[in-house]
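All remarks here apply to the structure that follows.
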Amino acid sequence: MNELITAFSTGIAAFTATNLDDLVILTLLFSQVNATFRHRHIVIGQYLGFCTLVIASLVGFLGGLVLPSHWIGLLGLVPITIGLNRLLNPETDSQSESQAELSSYSCLVSFLSPQACSVAAITIANGSDNVSIYMPLFANSTPSSLLAIVAVFLVLVGVWCYVTYKLTCQPAISNLLTRYGNGFVPFVLIGLGVFIILDSASLTPIALTASCLCLTGLVKLYAMNGQVATSSSVEIRG
């Protein structure tokens with residue numbers, strides 16, 4: 001029973017952390033419903049795309065049947081790294097890029113008059129982080145926990161569709177979620193990675209703390225190098 005409760009809570013946390021940005025995309029899609037682009041196309045397409053991401057992530061679970069669990073647990077450093085990067089390096093540039101991508105998706109939707117397959121393609125294209133988070137999570141799960149997590153995921157996809165449908169009628173709430181929702185995502189990702197590592201006994205708490213400090217330094221160093229490269233390219237163009 002405790003294992004299932006843990007699986008349910010872990011599934012909720014993992015899904016929320018990796019699909020907050022889908023709220024924006026789904027809200028945009030639901031706002032474009034018309035005579036040829038129906039609500040069912042969005043729901044079916046979202047399920048098709050998300051199931052594709054889950055199937056791709058099952059590679060991690062299959063690897064967990066071969067590799068020792070404490071080795072697989074080290075993959076928990078992946079969500080920790082992603083969370084630290086989002087926390088320490090505010091994605092101002094990537095946010096503008098995301099808005100541009102959403103705009104291009106909107107134009108694509110309007111131009112092609114898409115059905116479910118188009119929504120699925122958008123979901124898959126926006127789900128690169130999902131696979132990197134789900135693979136270590138699945139790899140560290142037992143078969144029963146895996147089924148529970150996947151079941152939670154499938155239920156929450158429907159919840160996400162329902163919530164975003166309602167949000168199309170309340171633009172103020174949608175804007176508030178877009179502005180502040182990403183603020184706690186890094187902490188959810190870091191907590192998820194810590195849970196994976198400690199649950200699999202891959203690292204001791206002291207070793208995990210030291211690893212997080214090292215990752216923090218590497219993330220900041222990577223950001224500094226990126227800023228130097230960007231400024232150099234600007235000077236060359238100037």
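Chain lettering (A, B, ...) mirrors the order of the structure tokens, residue numbering begins at 1 for each chain separately, and ligand numbering begins at 1 in order of display.
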Residues near Ala148 (chain A), anyone? I mean within 12 Å using only C-alpha atoms, not counting same-chain ones fewer than 5 positions away, as a PyMOL selection string. chain A and resi 1+3-12+138+141-143+153-155
Shell of 10 Å around region 207-209 of chain A, only C-alpha atoms, local chain residues under 2 positions omitted, as a VMD selection string: chain A and resid 74 77 194 197 to 198 202 to 205 211 to 215
Could you list, as a ChimeraX atom specification, every residue within 12 Å of region 47-53 of chain A, counting only C-alpha atoms and ignoring same-chain residues fewer than 3 positions away? /A:15,18-19,22,40-44,56-59,115-135,150-151,153-161
Which residue, A:Leu88, A:Leu167, A:Leu62, A:Leu192, has the smallest gap to Leu221 (chain A) when you use only C-alpha atoms? A:Leu88
When you look at Ile80 (chain A) with a cut-off of 7 Å (counting only C-alpha atoms), what residues show up, excluding the ones that are within fewer than 6 positions of it in the same chain? I need them as a list in words. Leu189, Ile190 and Gly193 of chain A
Residue subset to file, keeping all heavy atoms, as a short mmCIF file (atom, residue, chain, number, x, y, z; two decimals), in the first residue's frame:
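After the write, out20.cif holds the following:
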data_model
loop_
_atom_site.label_atom_id
_atom_site.label_comp_id
_atom_site.auth_asym_id
_atom_site.auth_seq_id
_atom_site.Cartn_x
_atom_site.Cartn_y
_atom_site.Cartn_z
N LEU A 189 11.55 19.52 -9.70
CA LEU A 189 12.51 18.67 -10.41
C LEU A 189 13.64 18.24 -9.48
O LEU A 189 14.04 17.07 -9.47
CB LEU A 189 13.07 19.42 -11.62
CG LEU A 189 12.10 19.68 -12.77
CD1 LEU A 189 12.78 20.53 -13.84
CD2 LEU A 189 11.61 18.38 -13.37
N ILE A 190 14.17 19.18 -8.71
CA ILE A 190 15.27 18.85 -7.79
C ILE A 190 14.78 17.85 -6.74
O ILE A 190 15.47 16.86 -6.44
CB ILE A 190 15.80 20.13 -7.12
CG1 ILE A 190 16.48 21.03 -8.16
CG2 ILE A 190 16.80 19.78 -6.01
CD1 ILE A 190 16.87 22.40 -7.63
N GLY A 193 14.53 14.38 -8.31
CA GLY A 193 15.83 13.74 -8.48
C GLY A 193 16.40 13.25 -7.16
O GLY A 193 16.98 12.15 -7.09
#
